[in-house]
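Below: the structure, in structure tokens.
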Amino acid sequence: MGDAVLPGVRREQGLDLLTLPVVGRVLRSRLCKRVLQTIVLAIAVLMIVDGFFGPRLAPRNLATLFGWVHYRGLLVLVLLAAGNFFCMTCPFTLSRDFARKFFKPIRNWPHRLRNKWVAIALFVAILFCYELFDLWGSPTWTASVILAYFVGAVVVDSIFRNASFCKYVCPIGQFNFVSSTVSPLEVRVRDPQVCHSCQTLDCIRGTRDHDEPELVIQRGCELALFQPKKVGNLDCTFCLDCVYACPHDNVGVLSRLPAAELGVDERRSGIGRLSRRNDYSILALVFTFGALLNAFAMVSPVYAVEQWLAGMLGTTNELPVLATMFALALVAEPALLVGGAAAVSRAASGDEQSLWQIIRTYSFGLIPLGVGIWAAHYAFHLLTGLWTFIPVVQRIAADFLGRPAPRTTMLVPGLPEEIVYPIEIGLIGLGLLGSLLALHQIASRERPNRTQQAYLPWAVLSLALAGAAVWLLSQPMEMRGTFLGG
Amino acid sequence: MSACGSTSIADVDAECVTDPSPATVGPVSVTCSLRTDEGEPIQGQTLNLEASMTHPGMRPELATMDEVDAGVYQADIEFTMAGDWYLLLTGETAEGEFIEETIYVTGVSGGR
């Protein structure tokens, strides 16, 4: 047997994407990244233009169709199958990089806002507006949201240094960061020994000009992730600035065990210990319970709940009804269920930590299930409507060429529901498995002598949430723009 | 049967009704009356009917409408899911003018 190593495979590290023949060259090239970003930017601009000026019917408009069916589905499946490549090709950061040629940011992001609270509020606001304004059915609103992202990224990052928008503001970014904890790829140091002897720390400081040390010719990580101390994918945009900056070529895109990072509580660069972070813990819970809420809003029982709430509140105004539903789903339900699991776990295992500390510690174990539910929901829309973009692209191409649009409609829009449903259940099952393993890892770390007692309540909670998700996705779908009427 | 509203895009007025009304998930008969602005029935057209949900990405239902009376066209389709739908009538007049009418059918009830 020879000692030859297959391309892309480092024995001690597993697969390294950057050493693969074609993919590796593409990823290593800054130009290729810019080209990819430019392509995504062009698609985003088309979506905005079509959203404002194209057909009013959502299924025939690129903004609504691609935004709510294809983009979301592809995003979550790529996160699940590979990593945070959508952040890598983000068109908002391309725009902010361009804006920074004219507006040099001179301020640092305020200390008091160096957390996830603003981003969590915006994440919930997006979910809320999605239901309140039926964003899925409104090309104008959808285009406005995309435009707001561009404006937000440019304004924030023209005022504040580094990637403040990505780290502290962007709701899509937070969704991607949390989801990427279950991704099989991670941007990571190849050989820690090389970092020990590194004097320049370019991966975080950036590569400086030899004659003019104040001049950064290749930026380092703008999200404050120092590669030798970086743990997992949280807050990593896969921008590969660290790869470009490292003078020792010691950073790769390496394979790993998905979700294993959720059981680790060592100090993370740019984050600290997860079990000490209130904001990250709440983000994990909002992400997981938000997945259930978002799926709940597309099935028939939601209307019965809304009618009941409307009766209780004595109103036909959608705003208070929806606000109450969100409060129940994102505050009361997690408080009851997660608080209950933590209380039982605490009592059974003799844990002396506070209830909140136990919640903060175990909440991250629910993320894989949350990813599974989001993936099941979005995969449904993507796979059942896979080819519906074709007539829309044909119409836009015809408009562009000044020809009459072909009057075609997709006879086969995508995969039949009978095929998609088992895929949805499989994704939830995969998420459940990930959560059960991550929670067990956390329990064995926290309570090595009473692991089963600490673990079981959390396992029961995971099973209950997964069961709820399966029940939700088995309900008759109902997509209405009117909550209380019609 | 009852009217479910109409939206006129060109110089054509379309009024459509469903049976059953209000519409429910399952087979539905759609009958549309097409008239000019002057109220004259528009006869002898080949009309295509596309029924789709207002949510993007859902499977549309397609049918060709038969003229069952002067300017009155009918087709059978199936609402496969509860929620908001639209009906898109398309066709071409003998003069080569394009007909496109959108009719919204909101709150289709029922289960899959």
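By order of appearance in the structure tokens: chains A, B, ..., then residues from 1 within every chain, and ligands from 1 in the order shown.
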
Surrounding residues of Gly83 in chain B excluding itself and chain neighbours under 5 positions, 6 Å, only C-alpha atoms, as an NGL selection string: (:A and (478-480)) or (:B and (107-108))

Which neighbours of Tyr362 in chain A fall inside 7 Å, counting only C-alpha atoms, when residues of the same chain fewer than 3 positions from it are skipped, and could you give them as number ranges by chain? A: 358-359, 365, 439, 442

Would you mind listing what lies within 8 Å of range 43-54 of chain B as a PyMOL selection string, with only C-alpha atoms counted and same-chain residues fewer than 3 positions away left out? (chain A and resi 57-59+137+479) or (chain B and resi 58-67+70-73+75+77+79+83-94)

For Glu306 in chain A, list every protein, DNA or RNA residue within 7 Å, evaluated using only C-alpha atoms, and leave out those in the same chain fewer than 4 positions away; present the list as a JSON list (two decimals) with all heavy atoms, in the first residue's frame.
```
[["chain", "number", "residue", "atom", "x", "y", "z"],
["A", 302, "VAL", "N", -54.22, 27.05, 12.15],
["A", 302, "VAL", "CA", -53.86, 28.40, 12.58],
["A", 302, "VAL", "C", -55.08, 29.32, 12.58],
["A", 302, "VAL", "O", -55.21, 30.20, 13.43],
["A", 302, "VAL", "CB", -52.72, 28.99, 11.70],
["A", 302, "VAL", "CG1", -53.21, 29.38, 10.32],
["A", 302, "VAL", "CG2", -52.10, 30.21, 12.38],
["A", 310, "ALA", "N", -59.04, 35.98, 18.56],
["A", 310, "ALA", "CA", -59.79, 37.19, 18.22],
["A", 310, "ALA", "C", -61.01, 37.32, 19.13],
["A", 310, "ALA", "O", -61.34, 38.41, 19.61],
["A", 310, "ALA", "CB", -60.22, 37.16, 16.76],
["A", 321, "VAL", "N", -54.00, 40.17, 17.36],
["A", 321, "VAL", "CA", -54.17, 38.71, 17.34],
["A", 321, "VAL", "C", -52.83, 38.04, 17.01],
["A", 321, "VAL", "O", -52.39, 37.10, 17.68],
["A", 321, "VAL", "CB", -55.24, 38.31, 16.30],
["A", 321, "VAL", "CG1", -55.30, 36.80, 16.14],
["A", 321, "VAL", "CG2", -56.61, 38.85, 16.71]]
```

If you count only C-alpha atoms, which residues fall within 7 Å of Thr89 in chain A, apart from same-chain ones fewer than 5 positions away, as a list in words? Lys33, Leu36, Gln37 and Val40 of chain A

Surrounding residues of His377 in chain A excluding itself and chain neighbours under 3 positions, 9 Å, only C-alpha atoms, as a PDB file with all heavy atoms, in the first residue's frame:
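Final output, result29.pdb:
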```pdb
ATOM      1  N   GLY A  73     -35.291  27.864   0.206  1.00  0.00           N
ATOM      2  CA  GLY A  73     -35.093  26.415   0.149  1.00  0.00           C
ATOM      3  C   GLY A  73     -33.650  26.055  -0.120  1.00  0.00           C
ATOM      4  O   GLY A  73     -33.066  25.196   0.552  1.00  0.00           O
ATOM      5  N   ALA A 291     -39.233  28.192  14.062  1.00  0.00           N
ATOM      6  CA  ALA A 291     -39.430  27.204  12.994  1.00  0.00           C
ATOM      7  C   ALA A 291     -40.808  26.574  13.099  1.00  0.00           C
ATOM      8  O   ALA A 291     -41.517  26.410  12.096  1.00  0.00           O
ATOM      9  CB  ALA A 291     -38.347  26.125  13.076  1.00  0.00           C
ATOM     10  N   ASN A 294     -43.489  29.339  12.234  1.00  0.00           N
ATOM     11  CA  ASN A 294     -43.545  29.626  10.799  1.00  0.00           C
ATOM     12  C   ASN A 294     -44.265  28.502  10.040  1.00  0.00           C
ATOM     13  O   ASN A 294     -45.011  28.756   9.097  1.00  0.00           O
ATOM     14  CB  ASN A 294     -42.114  29.808  10.270  1.00  0.00           C
ATOM     15  CG  ASN A 294     -42.070  30.540   8.946  1.00  0.00           C
ATOM     16  OD1 ASN A 294     -41.610  29.998   7.953  1.00  0.00           O
ATOM     17  ND2 ASN A 294     -42.574  31.757   8.904  1.00  0.00           N
ATOM     18  N   ALA A 295     -44.042  27.261  10.470  1.00  0.00           N
ATOM     19  CA  ALA A 295     -44.730  26.125   9.836  1.00  0.00           C
ATOM     20  C   ALA A 295     -46.203  26.116  10.229  1.00  0.00           C
ATOM     21  O   ALA A 295     -47.074  25.827   9.402  1.00  0.00           O
ATOM     22  CB  ALA A 295     -44.056  24.825  10.249  1.00  0.00           C
ATOM     23  N   GLY A 372     -33.854  21.175  11.315  1.00  0.00           N
ATOM     24  CA  GLY A 372     -34.643  20.140  10.635  1.00  0.00           C
ATOM     25  C   GLY A 372     -36.032  20.635  10.267  1.00  0.00           C
ATOM     26  O   GLY A 372     -36.525  20.365   9.168  1.00  0.00           O
ATOM     27  N   ILE A 373     -36.658  21.386  11.179  1.00  0.00           N
ATOM     28  CA  ILE A 373     -38.022  21.883  10.917  1.00  0.00           C
ATOM     29  C   ILE A 373     -38.000  22.962   9.836  1.00  0.00           C
ATOM     30  O   ILE A 373     -38.824  22.959   8.915  1.00  0.00           O
ATOM     31  CB  ILE A 373     -38.670  22.413  12.221  1.00  0.00           C
ATOM     32  CG1 ILE A 373     -38.754  21.293  13.263  1.00  0.00           C
ATOM     33  CG2 ILE A 373     -40.063  22.968  11.941  1.00  0.00           C
ATOM     34  CD1 ILE A 373     -39.119  21.769  14.666  1.00  0.00           C
ATOM     35  N   TRP A 374     -37.042  23.907   9.946  1.00  0.00           N
ATOM     36  CA  TRP A 374     -36.927  24.921   8.893  1.00  0.00           C
ATOM     37  C   TRP A 374     -36.678  24.248   7.546  1.00  0.00           C
ATOM     38  O   TRP A 374     -37.274  24.608   6.526  1.00  0.00           O
ATOM     39  CB  TRP A 374     -35.764  25.886   9.184  1.00  0.00           C
ATOM     40  CG  TRP A 374     -36.028  26.931  10.220  1.00  0.00           C
ATOM     41  CD1 TRP A 374     -35.445  27.016  11.452  1.00  0.00           C
ATOM     42  CD2 TRP A 374     -36.915  28.060  10.136  1.00  0.00           C
ATOM     43  NE1 TRP A 374     -35.915  28.117  12.133  1.00  0.00           N
ATOM     44  CE2 TRP A 374     -36.817  28.776  11.348  1.00  0.00           C
ATOM     45  CE3 TRP A 374     -37.790  28.519   9.152  1.00  0.00           C
ATOM     46  CZ2 TRP A 374     -37.547  29.937  11.607  1.00  0.00           C
ATOM     47  CZ3 TRP A 374     -38.522  29.675   9.402  1.00  0.00           C
ATOM     48  CH2 TRP A 374     -38.398  30.362  10.612  1.00  0.00           C
ATOM     49  N   PHE A 380     -40.190  21.766   1.356  1.00  0.00           N
ATOM     50  CA  PHE A 380     -41.514  21.523   0.773  1.00  0.00           C
ATOM     51  C   PHE A 380     -41.790  22.533  -0.347  1.00  0.00           C
ATOM     52  O   PHE A 380     -42.142  22.168  -1.468  1.00  0.00           O
ATOM     53  CB  PHE A 380     -42.609  21.631   1.841  1.00  0.00           C
ATOM     54  CG  PHE A 380     -44.003  21.643   1.258  1.00  0.00           C
ATOM     55  CD1 PHE A 380     -44.627  20.469   0.910  1.00  0.00           C
ATOM     56  CD2 PHE A 380     -44.670  22.844   1.014  1.00  0.00           C
ATOM     57  CE1 PHE A 380     -45.900  20.471   0.327  1.00  0.00           C
ATOM     58  CE2 PHE A 380     -45.936  22.867   0.445  1.00  0.00           C
ATOM     59  CZ  PHE A 380     -46.543  21.677   0.098  1.00  0.00           C
ATOM     60  N   HIS A 381     -41.617  23.819  -0.031  1.00  0.00           N
ATOM     61  CA  HIS A 381     -41.900  24.854  -1.040  1.00  0.00           C
ATOM     62  C   HIS A 381     -40.933  24.747  -2.219  1.00  0.00           C
ATOM     63  O   HIS A 381     -41.334  24.882  -3.377  1.00  0.00           O
ATOM     64  CB  HIS A 381     -41.799  26.252  -0.411  1.00  0.00           C
ATOM     65  CG  HIS A 381     -42.925  26.544   0.541  1.00  0.00           C
ATOM     66  ND1 HIS A 381     -44.239  26.542   0.158  1.00  0.00           N
ATOM     67  CD2 HIS A 381     -42.928  26.850   1.857  1.00  0.00           C
ATOM     68  CE1 HIS A 381     -45.008  26.829   1.191  1.00  0.00           C
ATOM     69  NE2 HIS A 381     -44.232  27.015   2.243  1.00  0.00           N
ATOM     70  N   LEU A 382     -39.656  24.501  -1.924  1.00  0.00           N
ATOM     71  CA  LEU A 382     -38.667  24.422  -3.001  1.00  0.00           C
ATOM     72  C   LEU A 382     -38.951  23.237  -3.921  1.00  0.00           C
ATOM     73  O   LEU A 382     -38.987  23.394  -5.146  1.00  0.00           O
ATOM     74  CB  LEU A 382     -37.251  24.297  -2.417  1.00  0.00           C
ATOM     75  CG  LEU A 382     -36.143  24.053  -3.446  1.00  0.00           C
ATOM     76  CD1 LEU A 382     -35.926  25.286  -4.318  1.00  0.00           C
ATOM     77  CD2 LEU A 382     -34.831  23.649  -2.779  1.00  0.00           C
ATOM     78  N   GLU A 424     -39.625  15.559   4.003  1.00  0.00           N
ATOM     79  CA  GLU A 424     -39.859  16.477   5.131  1.00  0.00           C
ATOM     80  C   GLU A 424     -39.716  15.732   6.466  1.00  0.00           C
ATOM     81  O   GLU A 424     -39.050  16.216   7.387  1.00  0.00           O
ATOM     82  CB  GLU A 424     -41.272  17.059   5.052  1.00  0.00           C
ATOM     83  CG  GLU A 424     -41.506  18.007   3.901  1.00  0.00           C
ATOM     84  CD  GLU A 424     -42.962  18.464   3.882  1.00  0.00           C
ATOM     85  OE1 GLU A 424     -43.327  19.303   4.707  1.00  0.00           O
ATOM     86  OE2 GLU A 424     -43.729  17.954   3.053  1.00  0.00           O
ATOM     87  N   LEU A 473     -46.799  19.417   9.827  1.00  0.00           N
ATOM     88  CA  LEU A 473     -46.580  19.211   8.397  1.00  0.00           C
ATOM     89  C   LEU A 473     -47.539  18.177   7.806  1.00  0.00           C
ATOM     90  O   LEU A 473     -47.595  18.015   6.593  1.00  0.00           O
ATOM     91  CB  LEU A 473     -45.125  18.803   8.143  1.00  0.00           C
ATOM     92  CG  LEU A 473     -44.104  19.901   8.488  1.00  0.00           C
ATOM     93  CD1 LEU A 473     -42.682  19.402   8.290  1.00  0.00           C
ATOM     94  CD2 LEU A 473     -44.335  21.159   7.660  1.00  0.00           C
TER      95      LEU A 473
END
```

Report the residues of range 276-481 of chain A whose backbone DSSP state falls under alpha helix (DSSP H), written as a ChimeraX atom specification. /A:278-296,301-313,318-327,333-349,355-362,367-384,389-401,417-446,451-474

Which of range 69-110 of chain B end up as strand (DSSP E) when DSSP is run on this backbone - answer as a ChimeraX atom specification? /B:69,72-79,82-92,98-108

Quick one: residues within 9 Å of range 191-202 of chain A, only C-alpha atoms, excluding same-chain residues fewer than 6 positions away - as an MDAnalysis selection string? chainID A and resid 13 208 218:221 226:228 242 245:248 250:251

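The space separating CA of His70 in chain A from CA of Thr384 in chain A comes to 10.4 Å.
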
CA of Val23 in chain A sits from CA of Ile390 in chain A at a separation of 27.7 Å
